[in-house]
Amino acid sequence: MRVYKLKQDLQAHLENVLKKQNTIGLVPTMGALHQGHLSLVNTALIDNEVVVVSIFVNPTQFNNQNDLRNYPRTLDSDLKLLATLKNSKVIVYAPEASDVYQGKIISQSFGFDGLEHEMEGEFREGHFNGVATVVKNLFEIVKPHKAYFGEKDFQQLQIVRKLVEISGFNITIIGCPILRESDGLAMSSRNGRLTQEHRKASPFIYEMLKAAKVKFGTKSANEVSEWVKNEFANHKLLALEYFTIANETTLKPIKRKNKQNKYRAFIAVFAGDVRLIDNIELN
Ligand code: PAF
């Protein structure tokens, strides 16, 4: 498997790929890869002749320096996991920050029609400017035909779609379904940081989402939200940060149910000092 640290080497290789009229898929990651990432890579492998997996812990998207410091950096095991795919179409780009950012390592300021102010945007100041800056830089470096993002970070997925629209990139964004552990916990690089006790407790998050989906069939969004909040208020190990039922396209909290709209429930929970997010399609 080819591993590039420098964009100029990666780009020299990709030029040859393009000469053969091949398509390039990009799977941007921050490493600490798990089966969820592999499923993105496998989807990208079906669609493209070459798949670039970027592994880069992006400093500008962390609003909490502790979180950045503690974010797992596991390049060796990430490469081993990708090698299990035994597929010569996979290329890794694992740069230093100076290769991804020109000059200062700072975020650009974007407007995404308000998508950036909801949910994660409210609790993680500057997060989406950081995500959009690095994704834009990666798009400019790799120039993929298609890019793959997990639906676990659904708000991020919608913001990347908006980024493509406003920046005029000719890139198709593919959202891929959430992969879950057998007990329902959404796969995440953060799960490895959970204590045994918190890991055992955290499938409760998806249980609440599934129950909320059932309740949403007969109850108002307000009633469902109040019920979820109460359930968490009684929980000894998990602290709810937010539970929101929102329109899937605008991400605005639902006011009145309208059958024409698609809704999703979004949740963020602290399990000790590990922050977990998840979501579920409601209709
Ligand atoms: O979802 C992630 O892992 C990150 O936000 C991304 C898209 C790789 C940007 O750093």
# chains A, B, ... in the order shown; residues from 1 in each chain; ligands from 1

$ residues_around --residues "Gln11 (chain A)" --least-positions-apart "6" --cutoff "12 Å" --atoms "only C-alpha atoms" --output "list in words"
Tyr4, Lys5, Val17, Leu18, Ile24, Val52, Ile91, Tyr93, Leu138, Phe139, Glu140, Ile141, Val142, Lys143 and Pro144 of chain A

$ residues_near_ligand --ligand "ligand 1" --cutoff "9 Å" --atoms "only C-alpha atoms and all ligand atoms" --output "MDAnalysis selection string"
chainID A and resid 27:31 54:61 127:128 130:135 138 149:150 152:153 156:157 160 189

$ closest_residue --among "A:Ala32, A:Glu207, A:Asn42, A:Asp273" --to "Lys80 (chain A)" --atoms "only C-alpha atoms"
A:Ala32

$ select_by_dssp --residues "region 102-167 of chain A" --states "alpha helix (DSSP H)" --output "ChimeraX atom specification"
/A:120-123,127-142,154-167

$ closest_residue --among "A:Ile106, A:Ile254, A:Val274, A:Leu282" --to "Tyr71 (chain A)" --atoms "only C-alpha atoms"
A:Val274

$ residues_around --residues "Asn258 (chain A)" --least-positions-apart "5" --cutoff "12 Å" --atoms "only C-alpha atoms" --output "JSON list (two decimals) with C-alpha atoms, in the first residue's frame"
[["chain", "number", "residue", "atom", "x", "y", "z"],
["A", 220, "SER", "CA", -45.38, 15.50, 19.16],
["A", 221, "ALA", "CA", -41.67, 16.28, 18.83],
["A", 246, "ALA", "CA", -34.76, 18.46, 13.18],
["A", 247, "ASN", "CA", -35.51, 18.77, 9.51],
["A", 263, "TYR", "CA", -36.90, 14.40, 10.08],
["A", 283, "ASN", "CA", -39.72, 9.06, 8.79]]

$ select_by_dssp --residues "region 94-194 of chain A" --states "strand (DSSP E or B)" --output "ChimeraX atom specification"
/A:146-150,172-176,180,186

$ write_last_selection --atoms "C-alpha atoms" --output "mmCIF file, in the first residue's frame"
data_model
loop_
_atom_site.group_PDB
_atom_site.id
_atom_site.type_symbol
_atom_site.label_atom_id
_atom_site.label_comp_id
_atom_site.auth_asym_id
_atom_site.auth_seq_id
_atom_site.Cartn_x
_atom_site.Cartn_y
_atom_site.Cartn_z
ATOM 1 C CA LYS A 146 -16.283 11.408 -5.193
ATOM 2 C CA ALA A 147 -15.832 11.809 -1.429
ATOM 3 C CA TYR A 148 -17.304 9.604 1.286
ATOM 4 C CA PHE A 149 -18.569 10.674 4.720
ATOM 5 C CA GLY A 150 -20.370 8.723 7.439
ATOM 6 C CA THR A 172 -20.050 14.003 -5.631
ATOM 7 C CA ILE A 173 -20.553 13.615 -1.891
ATOM 8 C CA ILE A 174 -21.668 10.169 -0.787
ATOM 9 C CA GLY A 175 -23.226 9.704 2.665
ATOM 10 C CA CYS A 176 -22.739 6.217 4.098
ATOM 11 C CA ARG A 180 -22.933 -0.104 14.915
ATOM 12 C CA ALA A 186 -22.434 3.725 16.860
#

$ atom_distance --atom1 "CA of Val3 (chain A)" --atom2 "CA of Leu26 (chain A)"
14.2 Å
